[in-house]
Amino acid sequence: MTKSLKALGHELTESEKQLKLLTQAGLTPFHQKLDDSGLFPLQPTQMDIFQINVGKMCNQVCKHCHVDAGPDRKEIMTRETMSLCLEAIQKSGAHTVDLTGGAPEMNPDFRWFVEELSLLGKKIIVRCNLTIIVANKKYHDLPEFFKKHQIEVVSSLPYFSAVKTDSQRGEGVFERSIRALKMLNEVGYGVANSGLILNLVYNPSGAFLPPSQEELELEFKRKLKDRYDIVFNQLFAITNLPVSRYLHYLVNSGNYEGYMEKLVEAYNPMAAANVMCRNTISVSWDGYLYDCDFNQMLDLKVACKSTHLSDFNNEDLLNRNIIINQHCYGCTAGAGSSCGGTTA
Amino acid sequence: MKTYYDPEDLKKFGKISEFQPELGKKFFDYYGHVFKEGALTAREKALIAVAVAHAVQCPYCIDAYTVDCMEKGCDEEQIMESVHVAAAIRGGASLVHGVQMMNKYKELSM
C-alpha cells in the first residue's frame, strides 16, 4: 500500500461504515461487558495526558495505521489551533503532553509548538516514527532538538527483524529505523543515566494479540544490543485496534471475525478499569476533542458541551461519559493496551 | 459431514467433557497447568507444542500453537526451527532403526 485509504476513495474511510461493520459482527456489546464489570457508564478519573494529533501527514503508509496517515494526507494543525492547545493545557492541569500524528515532525509549526510547550513545564512525549529522522536533511537534527527540550521519544518498531517490520511499515523501514535509533543513542537517548528516555512500541504484524510485554522487552533489548548495538528504555506492547487501515487489513485478509472473537474472549476487567481514555483527552488537528485517538478517527467526539478547544471546559470534560463501541475491546484484551503499553 | 477435519471444531474442544465430564475436567485442569509458566517459560512450551503438533500431525494443534507462538513473541524463523526439530526427530527415529535392519541383514548374510 502506497496510498492512504482516503486517497484510494475506500469506503472504510467513512466512520459510519466502520462503525456499522464493528456493530454488525453479532458479538457481545462492549457496554454489556463494562456493565458486568461495574464500569458502565465509563467515566474519566482525571486529566493527566493531553494527546494532540498535530496532523495526518506522514512519510510512511503503515498497513495497520488507524489514522490512515500518509504523504497524501494534508490535514495539519495550524499555529492558531496550537495556541488554543496551549491555553487548554494550562486549564486542564494535565502533567503530560503527548504529540502524535502522522509524523508530528512534518507539521511546519512542530518545533515552535514544542518550544512553547517547554515553557509550560510539562512532560512532552513525541511519537516519532524514526524514519522521519533520516527522511530528509532538515530532520537530521531532530535527536538534538528532542534532547534540548528533554522530550520523551516513543517509537514504533514492530520487531527486531526487517521482514516483520517492513511487512507492516513498508519496504526499507527497518533499516532506516535502525539508522535513526543509532542517531538517538548517539545523543544519549535510551542510554542508562542520561535522563533521555527512548521507549519502543511493539504491535503485532498481523491478526494476533501481543505477547507478554516484560518478556518481549528482554528479548528486544538482547537482540537490538547484540545485532545493532542499540539500547532503549522500555518496550510498550500494544494491541492493534480494528479501526481504519487495520480494520481494512482484517477484512481483506479474512481475519476480521476471528480477530474480533479473540478480542472479546480476551476481555479483561482489570484492563478495562485502567483504559487510557479515563485519564487522557485527545485533540484532533482541527481542535476537536475526543476520548482517545481511536474515537477521533471514528469521528466520535466527546459527549459533552466542550467538544472543541475554543470552548474547553475541564470540569465539563471530567464529568462526561466516555463514548465506547466494539473497537474498545482492543484496549481491554489480555494484559490491556494503551499508548503507554499494557494496563493490567 | 463432508470432511474429517473442520477448523470450527477447534473451538469445540472443551465439549469433549459432555460425554465424560469427570475425565474431561481432569484433562483440562492438567492441560491448563502444563502450559503455565514453570521451569520452562510459557513461550518455550508453546514452541515445544508446535513441534509436537507437527510430529503427531494434528491440524487443530498446528493452528492453535502457531497462533500461541506468535502471541508469545516468536517469529517465523523460530517456529520453523521448532518444526525442523520435530522433523529431525521423526526422520532420525526412522533412520536409527536402520541399525536394526543392518543387524538383521548381517545376521542372514554370509
# chains A, B, ... in the order shown; residues from 1 in each chain; ligands from 1
>>> interface_residues(of="chain B", to="chain A", cutoff="8 Å", atoms="only C-alpha atoms", output="PDB file with N, CA and C atoms, in the first residue's frame")
ATOM      1  N   VAL B  67      -0.583 -19.859  16.445  1.00  0.00           N
ATOM      2  CA  VAL B  67      -1.092 -18.593  16.995  1.00  0.00           C
ATOM      3  C   VAL B  67      -0.464 -18.336  18.365  1.00  0.00           C
ATOM      4  N   MET B  70       2.998 -17.091  18.042  1.00  0.00           N
ATOM      5  CA  MET B  70       3.020 -15.695  17.579  1.00  0.00           C
ATOM      6  C   MET B  70       2.674 -14.754  18.727  1.00  0.00           C
ATOM      7  N   GLU B  71       1.695 -15.162  19.534  1.00  0.00           N
ATOM      8  CA  GLU B  71       1.264 -14.308  20.646  1.00  0.00           C
ATOM      9  C   GLU B  71       2.237 -14.375  21.825  1.00  0.00           C
ATOM     10  N   LYS B  72       3.232 -15.230  21.706  1.00  0.00           N
ATOM     11  CA  LYS B  72       4.283 -15.263  22.734  1.00  0.00           C
ATOM     12  C   LYS B  72       5.562 -14.638  22.179  1.00  0.00           C
ATOM     13  N   GLY B  73       5.443 -13.991  21.029  1.00  0.00           N
ATOM     14  CA  GLY B  73       6.575 -13.219  20.501  1.00  0.00           C
ATOM     15  C   GLY B  73       7.535 -14.006  19.629  1.00  0.00           C
TER      16      GLY B  73
END
>>> residues_around(residues="Ile48 of chain B", least_positions_apart="5", cutoff="12 Å", atoms="only C-alpha atoms", output="number ranges by chain")
B: 34-35, 40-43, 53-55, 61-62, 65-66, 68-69, 78-86
>>> closest_atom_pairs(of="segment 154-221 of chain A", to="segment 123-131 of chain A", cutoff="9 Å", atoms="only C-alpha atoms", output="tab-separated table")
residue	atom	partner	partner_atom	distance
A:Val154	CA	A:Arg127	CA	4.8
A:Ser155	CA	A:Cys128	CA	5.1
A:Ser156	CA	A:Asn129	CA	6.0
A:Leu157	CA	A:Asn129	CA	8.4
A:Val173	CA	A:Thr131	CA	6.7
A:Phe174	CA	A:Thr131	CA	8.6
A:Glu175	CA	A:Thr131	CA	8.9
A:Arg176	CA	A:Thr131	CA	5.5
A:Ser177	CA	A:Leu130	CA	5.2
A:Ile178	CA	A:Leu130	CA	8.3
A:Arg179	CA	A:Thr131	CA	8.3
A:Ala180	CA	A:Leu130	CA	5.6
A:Leu181	CA	A:Leu130	CA	7.0
>>> write_last_selection(atoms="N, CA, C and O atoms", output="short mmCIF file (atom, residue, chain, number, x, y, z; two decimals), in the first residue's frame")
data_model
loop_
_atom_site.label_atom_id
_atom_site.label_comp_id
_atom_site.auth_asym_id
_atom_site.auth_seq_id
_atom_site.Cartn_x
_atom_site.Cartn_y
_atom_site.Cartn_z
N VAL A 154 8.93 8.18 21.86
CA VAL A 154 8.27 6.87 21.80
C VAL A 154 8.18 6.49 20.33
O VAL A 154 7.61 7.23 19.53
N SER A 155 8.79 5.35 20.00
CA SER A 155 8.90 4.99 18.58
C SER A 155 8.47 3.55 18.31
O SER A 155 8.78 2.65 19.09
N SER A 156 7.78 3.38 17.20
CA SER A 156 7.33 2.04 16.82
C SER A 156 8.45 1.25 16.18
O SER A 156 9.16 1.75 15.30
N LEU A 157 8.60 0.03 16.64
CA LEU A 157 9.49 -0.93 15.98
C LEU A 157 8.84 -2.30 16.21
O LEU A 157 9.00 -2.89 17.27
N VAL A 173 11.91 0.21 5.84
CA VAL A 173 11.66 0.96 7.09
C VAL A 173 12.56 0.45 8.22
O VAL A 173 13.08 1.24 9.00
N PHE A 174 12.77 -0.87 8.27
CA PHE A 174 13.60 -1.40 9.36
C PHE A 174 15.01 -0.82 9.31
O PHE A 174 15.52 -0.32 10.32
N GLU A 175 15.61 -0.85 8.15
CA GLU A 175 17.00 -0.37 8.01
C GLU A 175 17.07 1.12 8.37
O GLU A 175 17.98 1.55 9.08
N ARG A 176 16.10 1.90 7.92
CA ARG A 176 16.12 3.33 8.24
C ARG A 176 15.84 3.56 9.73
O ARG A 176 16.40 4.48 10.34
N SER A 177 14.99 2.72 10.31
CA SER A 177 14.69 2.85 11.75
C SER A 177 15.93 2.57 12.58
O SER A 177 16.19 3.25 13.57
N ILE A 178 16.72 1.57 12.17
CA ILE A 178 17.95 1.24 12.89
C ILE A 178 18.93 2.42 12.82
O ILE A 178 19.54 2.80 13.82
N ARG A 179 19.01 3.02 11.63
CA ARG A 179 19.90 4.19 11.50
C ARG A 179 19.46 5.31 12.43
O ARG A 179 20.28 5.95 13.10
N ALA A 180 18.15 5.55 12.47
CA ALA A 180 17.61 6.62 13.33
C ALA A 180 17.82 6.29 14.80
O ALA A 180 18.15 7.19 15.59
N LEU A 181 17.65 5.03 15.17
CA LEU A 181 17.85 4.64 16.58
C LEU A 181 19.31 4.87 16.98
O LEU A 181 19.59 5.32 18.10
#
>>> atom_distance(atom1="atom CA of Arg320 of chain A", atom2="atom CA of Glu261 of chain A")
29.4 Å
>>> atom_distance(atom1="atom CA of Glu257 of chain A", atom2="atom CA of Lys2 of chain B")
23.1 Å
>>> atom_distance(atom1="atom CA of Ala344 of chain A", atom2="atom CA of Cys331 of chain A")
10.4 Å
>>> closest_residue(among="B:Met102, B:Glu37, B:Lys45, B:Lys11", to="Cys74 of chain B", atoms="only C-alpha atoms")
B:Lys45
>>> select_by_dssp(residues="segment 234-318 of chain A", states="strand (DSSP E or B)", output="list of chain:residue names")
A:Leu235, A:Phe236, A:Ala237, A:Tyr267, A:Thr280, A:Ile281, A:Ser282, A:Val283, A:Tyr288, A:Leu289, A:Tyr290, A:Lys301, A:Ala303, A:His308
>>> select_by_dssp(residues="segment 70-204 of chain A", states="alpha helix (DSSP H)", output="number ranges by chain")
A: 79-92, 110-119, 131-135, 142-148, 162-169, 173-186
>>> residues_around(residues="Tyr60 of chain B", least_positions_apart="3", cutoff="8 Å", atoms="only C-alpha atoms", output="short mmCIF file (atom, residue, chain, number, x, y, z; two decimals) with C-alpha atoms, in the first residue's frame")
data_model
loop_
_atom_site.label_atom_id
_atom_site.label_comp_id
_atom_site.auth_asym_id
_atom_site.auth_seq_id
_atom_site.Cartn_x
_atom_site.Cartn_y
_atom_site.Cartn_z
CA PRO B 7 -11.45 -25.69 11.67
CA LEU B 10 -11.17 -26.48 17.37
CA ASP B 63 -3.33 -23.87 14.10
CA ALA B 64 -3.66 -23.35 17.84
#
>>> residues_around(residues="segment 117-122 of chain A", least_positions_apart="2", cutoff="6 Å", atoms="only C-alpha atoms", output="ChimeraX atom specification")
/A:95-96,114-115
>>> write_last_selection(atoms="C-alpha atoms", output="short mmCIF file (atom, residue, chain, number, x, y, z; two decimals), in the first residue's frame")
data_model
loop_
_atom_site.label_atom_id
_atom_site.label_comp_id
_atom_site.auth_asym_id
_atom_site.auth_seq_id
_atom_site.Cartn_x
_atom_site.Cartn_y
_atom_site.Cartn_z
CA HIS A 95 1.09 16.86 33.52
CA THR A 96 1.94 15.31 30.15
CA VAL A 114 7.44 22.14 21.29
CA GLU A 115 9.28 25.29 22.37
#
>>> residues_around(residues="Thr100 of chain A", least_positions_apart="4", cutoff="12 Å", atoms="only C-alpha atoms", output="JSON, numbers by chain")
{"A": [50, 51, 52, 53, 54, 55, 56, 57, 58, 67, 69, 76, 77, 104, 105, 106, 107, 110, 124, 125, 126, 127, 128, 129, 153, 154, 155, 156, 282, 283, 284, 285, 292, 293, 339]}
>>> decode(residues="segment 70-86 of chain B", atoms="all heavy atoms", output="compact mmCIF listing (two decimals), in the first residue's frame")
# COMPACT_ATOMS: atom_id res chain seq x y z
N MET B 70 3.00 -17.09 18.04
CA MET B 70 3.02 -15.70 17.58
C MET B 70 2.67 -14.75 18.73
O MET B 70 3.27 -13.69 18.89
CB MET B 70 2.04 -15.50 16.41
CG MET B 70 2.47 -16.23 15.15
SD MET B 70 1.20 -16.22 13.89
CE MET B 70 1.54 -14.68 13.06
N GLU B 71 1.69 -15.16 19.53
CA GLU B 71 1.26 -14.31 20.65
C GLU B 71 2.24 -14.37 21.82
O GLU B 71 2.07 -13.68 22.82
CB GLU B 71 -0.17 -14.65 21.05
CG GLU B 71 -1.13 -14.28 19.92
CD GLU B 71 -2.59 -14.43 20.23
OE1 GLU B 71 -2.93 -15.11 21.22
OE2 GLU B 71 -3.41 -13.87 19.48
N LYS B 72 3.23 -15.23 21.71
CA LYS B 72 4.28 -15.26 22.73
C LYS B 72 5.56 -14.64 22.18
O LYS B 72 6.65 -14.77 22.76
CB LYS B 72 4.51 -16.69 23.20
CG LYS B 72 3.25 -17.28 23.86
CD LYS B 72 3.53 -17.93 25.15
CE LYS B 72 2.32 -18.24 26.01
NZ LYS B 72 1.00 -18.16 25.45
N GLY B 73 5.44 -13.99 21.03
CA GLY B 73 6.57 -13.22 20.50
C GLY B 73 7.54 -14.01 19.63
O GLY B 73 8.62 -13.52 19.32
N CYS B 74 7.16 -15.21 19.22
CA CYS B 74 8.06 -15.99 18.35
C CYS B 74 7.88 -15.53 16.90
O CYS B 74 6.77 -15.22 16.48
CB CYS B 74 7.73 -17.48 18.41
SG CYS B 74 7.73 -18.13 20.09
N ASP B 75 8.97 -15.54 16.15
CA ASP B 75 8.85 -15.18 14.74
C ASP B 75 8.86 -16.44 13.86
O ASP B 75 8.99 -17.55 14.37
CB ASP B 75 9.92 -14.16 14.32
CG ASP B 75 11.33 -14.70 14.44
OD1 ASP B 75 11.50 -15.93 14.49
OD2 ASP B 75 12.27 -13.89 14.49
N GLU B 76 8.71 -16.21 12.56
CA GLU B 76 8.56 -17.35 11.65
C GLU B 76 9.79 -18.26 11.65
O GLU B 76 9.67 -19.48 11.54
CB GLU B 76 8.24 -16.85 10.23
CG GLU B 76 9.35 -16.07 9.53
CD GLU B 76 9.36 -14.59 9.87
OE1 GLU B 76 8.89 -14.22 10.96
OE2 GLU B 76 9.87 -13.80 9.05
N GLU B 77 10.96 -17.66 11.83
CA GLU B 77 12.19 -18.45 11.82
C GLU B 77 12.24 -19.39 13.03
O GLU B 77 12.59 -20.56 12.90
CB GLU B 77 13.37 -17.47 11.87
CG GLU B 77 14.65 -18.00 11.30
CD GLU B 77 15.76 -16.94 11.33
OE1 GLU B 77 15.50 -15.79 11.73
OE2 GLU B 77 16.87 -17.31 10.98
N GLN B 78 11.86 -18.85 14.17
CA GLN B 78 11.88 -19.66 15.40
C GLN B 78 10.86 -20.79 15.33
O GLN B 78 11.15 -21.93 15.72
CB GLN B 78 11.61 -18.77 16.62
CG GLN B 78 12.74 -17.78 16.88
CD GLN B 78 12.34 -16.64 17.79
OE1 GLN B 78 11.16 -16.31 17.92
NE2 GLN B 78 13.32 -16.03 18.43
N ILE B 79 9.68 -20.48 14.82
CA ILE B 79 8.62 -21.51 14.75
C ILE B 79 9.06 -22.60 13.76
O ILE B 79 8.92 -23.80 14.03
CB ILE B 79 7.26 -20.90 14.36
CG1 ILE B 79 6.83 -19.85 15.39
CG2 ILE B 79 6.19 -21.98 14.24
CD1 ILE B 79 5.63 -19.01 15.00
N MET B 80 9.61 -22.19 12.62
CA MET B 80 10.04 -23.19 11.63
C MET B 80 11.20 -24.04 12.15
O MET B 80 11.25 -25.24 11.88
CB MET B 80 10.43 -22.49 10.31
CG MET B 80 10.72 -23.46 9.17
SD MET B 80 9.38 -24.66 8.86
CE MET B 80 8.41 -23.76 7.67
N GLU B 81 12.07 -23.43 12.93
CA GLU B 81 13.17 -24.23 13.51
C GLU B 81 12.62 -25.31 14.44
O GLU B 81 13.14 -26.42 14.50
CB GLU B 81 14.15 -23.33 14.27
CG GLU B 81 15.16 -22.67 13.33
CD GLU B 81 16.26 -21.89 14.04
OE1 GLU B 81 16.54 -22.18 15.22
OE2 GLU B 81 16.82 -20.98 13.40
N SER B 82 11.55 -24.98 15.17
CA SER B 82 10.97 -25.99 16.06
C SER B 82 10.33 -27.11 15.24
O SER B 82 10.36 -28.28 15.64
CB SER B 82 9.98 -25.36 17.05
OG SER B 82 8.76 -25.10 16.43
N VAL B 83 9.77 -26.76 14.06
CA VAL B 83 9.20 -27.80 13.18
C VAL B 83 10.33 -28.70 12.67
O VAL B 83 10.17 -29.92 12.55
CB VAL B 83 8.41 -27.16 12.01
CG1 VAL B 83 7.93 -28.23 11.03
CG2 VAL B 83 7.22 -26.38 12.53
N HIS B 84 11.48 -28.10 12.39
CA HIS B 84 12.62 -28.90 11.95
C HIS B 84 13.10 -29.84 13.06
O HIS B 84 13.57 -30.95 12.77
CB HIS B 84 13.77 -28.00 11.49
CG HIS B 84 13.60 -27.55 10.07
ND1 HIS B 84 13.75 -28.40 9.00
CD2 HIS B 84 13.24 -26.35 9.54
CE1 HIS B 84 13.52 -27.73 7.87
NE2 HIS B 84 13.20 -26.48 8.18
N VAL B 85 12.99 -29.40 14.30
CA VAL B 85 13.35 -30.29 15.40
C VAL B 85 12.45 -31.53 15.36
O VAL B 85 12.91 -32.67 15.45
CB VAL B 85 13.25 -29.57 16.77
CG1 VAL B 85 13.42 -30.56 17.92
CG2 VAL B 85 14.29 -28.46 16.87
N ALA B 86 11.14 -31.28 15.16
CA ALA B 86 10.20 -32.41 15.06
C ALA B 86 10.57 -33.31 13.88
O ALA B 86 10.59 -34.54 14.00
CB ALA B 86 8.78 -31.88 14.91
